[in-house]
Amino acid sequence: MPFPEFDPIWFSIGPLPIRWYALAYVAGIVLGWWYAARLARNAAVWEPNKAPVTSVQLDDLVLWVTVGIILGGRFGYALFYRPDLFGQVFTGDGLGERLELLQLWTGGMSFHGGFLGVAIAIAWFARKNSINILSLGDLVAPVAPIGLFFGRLANFINGELWGRTTEVPWGVRFCNDTILNAYGRCPAGDLPRHPSQLYEAGLEGLLLFLILLLAVWKLRLLSKPGYVTGIFLLGYGLSRAVLETVREPDAHMPEALQGVVTMGMLLSIPMILAGCWLIWRARNRPPVVA
């Protein structure tokens with residue numbers, strides 16, 4: 001299948017380009033904010049029948065989480081995939097190369113880094129406001145797949161993070177005039193590849209959202225602090241690890257590990273273990289005596 005003639009830029013306001021990738025972040029944060037507010041208003045699903053935050057606290061939390069996503073995503077990308085960016089701060093040729101670490105518009109964000117950034121933001125906010133950290137995590141976890149869904153769709157529009165070469169009928173040749181004009185070539189080559197971005201949008205985004213929706217509204221698992229967070233960690237970790245088998249491997253991995261594991265798999269293992277532990281803890285937690 002030919003890759004559609006997508007333009008990563010939706011429109012421009014003078015010299016300022018508005019990119020689909022940036023809009024994906026905005027959509028994920030705004031819709032996530034709305035959904036989290038709805039969860040917080042339904043006090044009956046929480047233990048003990050009280051949401052962990054007020055509406056005012058939730059508004060503050062959104063700002064903290066947004067900063068965690070951006071800083072964690074960018075610094076995580078540099079740490080896990082481009083450690084040379086840290087060195088460029090001191091050794092780069094010219095101001096532009098020295099500050100490439102902070103140039104978010106050039107691309108390069110890591111989900112696992114963003115997750116760590118959000119985890120730190122939640123822990124800090126919970127401590128500052130004397131809130132149960134697990135209950136606060138349970139408020140954020142059902143929201144995360146919304147951002148993942150839009151983010152993976154934006155990855156597809158950008159023609160980035162493509163999958164391995166394949167012969168399946170829906171394989172995509174990630175090459176069009178926009179990519180040729182931007183790079184002078186097609187980095188993905190001319191062979192059809194798995195549209196792994198769409199696979200991830202379906203599993204990490206839509207399916208995981210529905211699973212957490214069931215956990216929250218049908219099974220009422222918000223009454224067991226940490227349970228919903230554990231489901232998210234386990235669900236994302238397993239989805240990412242499985243999809244790494246059809247996603248283009250990371251070129252920077254040590255030679256001994258190439259063809260065995262990918263960075264995405266390695267980073268997902270702690271999430272899977274933490275998710276299993278949180279679910280076990282929540283299931284075996286003694287009931288609260290009023």
# chains A, B, ... in the order shown; residues from 1 in each chain; ligands from 1
>>> residues_around(residues="Thr54 in chain A", least_positions_apart="5", cutoff="12 Å", atoms="only C-alpha atoms", output="list in words")
Ala36, Ala37, Arg38, Leu39, Ala40, Arg41, Asn42, Ala43, Asp59, Asp60, Leu61, Asn129, Ile131, Leu136 and Leu139 of chain A
>>> closest_atom_pairs(of="range 50-139 of chain A", to="range 145-166 of chain A", cutoff="12 Å", atoms="only C-alpha atoms", output="JSON lines")
{"residue": "A:Thr66", "atom": "CA", "partner": "A:Gly147", "partner_atom": "CA", "distance": 11.3}
{"residue": "A:Ile69", "atom": "CA", "partner": "A:Gly147", "partner_atom": "CA", "distance": 10.4}
{"residue": "A:Thr106", "atom": "CA", "partner": "A:Asn158", "partner_atom": "CA", "distance": 11.9}
{"residue": "A:Gly107", "atom": "CA", "partner": "A:Glu160", "partner_atom": "CA", "distance": 9.8}
{"residue": "A:Gly108", "atom": "CA", "partner": "A:Glu160", "partner_atom": "CA", "distance": 10.3}
{"residue": "A:Met109", "atom": "CA", "partner": "A:Gly151", "partner_atom": "CA", "distance": 10.3}
{"residue": "A:Ser110", "atom": "CA", "partner": "A:Gly151", "partner_atom": "CA", "distance": 11.1}
{"residue": "A:Phe111", "atom": "CA", "partner": "A:Leu148", "partner_atom": "CA", "distance": 8.6}
{"residue": "A:His112", "atom": "CA", "partner": "A:Leu148", "partner_atom": "CA", "distance": 11.6}
{"residue": "A:Gly114", "atom": "CA", "partner": "A:Leu148", "partner_atom": "CA", "distance": 11.1}
{"residue": "A:Phe115", "atom": "CA", "partner": "A:Leu148", "partner_atom": "CA", "distance": 11.2}
>>> residues_around(residues="Glu244 in chain A", least_positions_apart="4", cutoff="9 Å", atoms="only C-alpha atoms", output="MDAnalysis selection string")
chainID A and resid 163 196 239:240 248:249 261:265
>>> write_last_selection(atoms="C-alpha atoms", output="compact mmCIF listing (two decimals), in the first residue's frame")
# COMPACT_ATOMS: atom_id res chain seq x y z
CA GLY A 163 7.46 -1.44 11.57
CA SER A 196 3.07 -0.63 13.70
CA SER A 239 1.19 -4.66 24.44
CA ARG A 240 4.46 -2.81 23.86
CA GLU A 248 11.68 -1.71 13.47
CA PRO A 249 14.42 -2.60 16.00
CA VAL A 261 15.51 -7.78 22.58
CA THR A 262 14.74 -4.14 21.83
CA MET A 263 14.95 -1.11 24.08
CA GLY A 264 11.15 -1.00 24.16
CA MET A 265 11.05 -4.57 25.50
>>> select_by_dssp(residues="range 11-196 of chain A", states="alpha helix (DSSP H)", output="short mmCIF file (atom, residue, chain, number, x, y, z; two decimals) with C-alpha atoms, in the first residue's frame")
data_model
loop_
_atom_site.label_atom_id
_atom_site.label_comp_id
_atom_site.auth_asym_id
_atom_site.auth_seq_id
_atom_site.Cartn_x
_atom_site.Cartn_y
_atom_site.Cartn_z
CA TRP A 20 -0.39 17.18 13.98
CA TYR A 21 2.00 15.75 16.57
CA ALA A 22 1.55 18.80 18.81
CA LEU A 23 -2.21 18.64 18.34
CA ALA A 24 -2.13 14.99 19.43
CA TYR A 25 -0.61 16.08 22.76
CA VAL A 26 -3.19 18.85 23.13
CA ALA A 27 -6.08 16.48 22.33
CA GLY A 28 -4.78 13.84 24.73
CA ILE A 29 -4.35 16.33 27.59
CA VAL A 30 -7.68 18.13 27.08
CA LEU A 31 -9.78 14.96 26.65
CA GLY A 32 -7.87 13.29 29.48
CA TRP A 33 -8.61 16.29 31.72
CA TRP A 34 -12.31 16.01 30.88
CA TYR A 35 -12.40 12.26 31.55
CA ALA A 36 -10.45 12.59 34.82
CA ALA A 37 -12.88 15.30 35.96
CA ARG A 38 -15.79 12.96 35.25
CA LEU A 39 -14.12 10.20 37.27
CA ALA A 40 -13.48 12.60 40.14
CA ARG A 41 -17.14 13.69 40.19
CA SER A 55 -11.83 19.98 41.10
CA VAL A 56 -9.34 22.72 41.98
CA GLN A 57 -6.62 20.17 42.78
CA LEU A 58 -7.33 18.36 39.52
CA ASP A 59 -6.77 21.57 37.57
CA ASP A 60 -3.38 21.94 39.26
CA LEU A 61 -2.56 18.27 38.69
CA VAL A 62 -3.09 18.62 34.94
CA LEU A 63 -0.33 21.24 34.79
CA TRP A 64 2.05 19.03 36.78
CA VAL A 65 1.29 16.02 34.59
CA THR A 66 1.75 18.06 31.39
CA VAL A 67 5.20 19.21 32.53
CA GLY A 68 6.04 15.61 33.46
CA ILE A 69 5.00 14.36 30.02
CA ILE A 70 7.05 16.94 28.14
CA LEU A 71 10.22 16.94 30.24
CA GLY A 72 10.13 13.22 30.96
CA GLY A 73 9.38 12.36 27.34
CA ARG A 74 12.22 14.47 25.96
CA PHE A 75 14.87 13.63 28.56
CA GLY A 76 13.82 9.98 28.48
CA TYR A 77 14.28 9.94 24.71
CA ALA A 78 17.77 11.37 25.12
CA LEU A 79 18.64 8.96 27.93
CA PHE A 80 17.30 5.79 26.29
CA ASP A 84 24.78 11.89 22.64
CA LEU A 85 22.36 14.81 23.08
CA PHE A 86 23.62 15.29 26.64
CA GLY A 87 27.20 15.46 25.40
CA GLN A 88 26.27 17.98 22.72
CA VAL A 89 25.30 20.45 25.44
CA PHE A 90 29.03 20.85 26.16
CA THR A 91 30.71 19.83 22.91
CA GLY A 94 27.17 26.23 17.66
CA LEU A 95 24.26 27.15 19.88
CA GLY A 96 21.73 25.18 17.82
CA GLU A 97 23.55 21.87 18.26
CA ARG A 98 24.26 22.55 21.93
CA PHE A 111 6.73 7.10 26.23
CA HIS A 112 8.72 5.40 28.99
CA GLY A 113 10.44 8.69 29.76
CA GLY A 114 7.10 10.49 29.77
CA PHE A 115 5.72 7.82 32.08
CA LEU A 116 8.57 8.37 34.55
CA GLY A 117 8.00 12.12 34.34
CA VAL A 118 4.30 11.69 35.11
CA ALA A 119 5.07 9.24 37.95
CA ILE A 120 7.39 11.80 39.54
CA ALA A 121 4.77 14.54 39.09
CA ILE A 122 2.08 12.37 40.70
CA ALA A 123 4.33 11.43 43.62
CA TRP A 124 5.32 15.06 44.19
CA PHE A 125 1.73 16.31 43.94
CA ALA A 126 0.43 13.56 46.22
CA ARG A 127 3.05 14.33 48.87
CA LYS A 128 2.45 18.08 48.64
CA ILE A 133 -0.44 8.21 45.76
CA LEU A 134 -2.04 4.98 44.53
CA SER A 135 -5.51 6.53 44.36
CA LEU A 136 -4.06 9.48 42.48
CA GLY A 137 -2.35 7.10 40.07
CA ASP A 138 -5.69 5.32 39.59
CA LEU A 139 -7.20 8.63 38.48
CA VAL A 140 -4.50 9.21 35.86
CA ALA A 144 -3.33 7.71 29.58
CA PRO A 145 -4.58 5.54 26.66
CA ILE A 146 -6.33 8.59 25.20
CA GLY A 147 -3.02 10.35 24.71
CA LEU A 148 -1.37 7.14 23.49
CA PHE A 149 -4.06 6.71 20.83
CA PHE A 150 -3.67 10.21 19.40
CA GLY A 151 0.12 10.09 19.71
CA ARG A 152 0.41 6.88 17.67
CA LEU A 153 -1.91 8.27 15.00
CA ALA A 154 0.37 11.32 14.81
CA ASN A 155 3.40 9.00 14.47
CA PHE A 156 1.69 7.40 11.46
CA ILE A 157 0.90 10.77 9.89
CA ASN A 158 4.56 11.77 10.35
CA ASP A 177 6.71 13.49 -1.75
CA THR A 178 6.59 15.17 1.67
CA ILE A 179 9.14 12.74 3.11
CA LEU A 180 11.34 12.99 0.01
CA ASN A 181 11.33 16.79 0.16
CA ALA A 182 12.14 16.76 3.89
CA TYR A 183 14.98 14.21 3.87
CA SER A 196 3.07 -0.63 13.70
#
>>> residues_around(residues="Phe174 in chain A", least_positions_apart="4", cutoff="8 Å", atoms="only C-alpha atoms", output="list of chain:residue names")
A:Pro2, A:Phe3, A:Gly159, A:Trp162, A:Cys186, A:Ala188, A:Gly189, A:Asp190, A:Pro192, A:Arg193
>>> write_last_selection(atoms="C-alpha atoms", output="PDB file, in the first residue's frame")
ATOM      1  CA  PRO A   2       1.317   3.481  -0.797  1.00  0.00           C
ATOM      2  CA  PHE A   3       1.737   5.879   2.104  1.00  0.00           C
ATOM      3  CA  GLY A 159       5.697   8.521   8.707  1.00  0.00           C
ATOM      4  CA  TRP A 162       7.449   2.326  11.281  1.00  0.00           C
ATOM      5  CA  CYS A 186      12.849   7.824   2.268  1.00  0.00           C
ATOM      6  CA  ALA A 188      12.155   3.597   5.645  1.00  0.00           C
ATOM      7  CA  GLY A 189      13.236   2.503   2.174  1.00  0.00           C
ATOM      8  CA  ASP A 190      10.903   1.317  -0.562  1.00  0.00           C
ATOM      9  CA  PRO A 192       6.430  -2.419   2.534  1.00  0.00           C
ATOM     10  CA  ARG A 193       6.464  -2.344   6.322  1.00  0.00           C
TER      11      ARG A 193
END
>>> atom_distance(atom1="CA of Lys50 in chain A", atom2="CA of Met271 in chain A")
27.8 Å
>>> residues_around(residues="Leu278 in chain A", least_positions_apart="3", cutoff="9 Å", atoms="only C-alpha atoms", output="list of chain:residue names")
A:Pro225, A:Gly226, A:Tyr227, A:Val228, A:Thr229, A:Gly230, A:Ile231, A:Leu273, A:Ala274, A:Gly275, A:Arg281, A:Ala282, A:Arg283
>>> atom_distance(atom1="CA of Leu99 in chain A", atom2="CA of Asp7 in chain A")
26.2 Å
>>> atom_distance(atom1="CA of Leu206 in chain A", atom2="CA of Gly237 in chain A")
15.0 Å
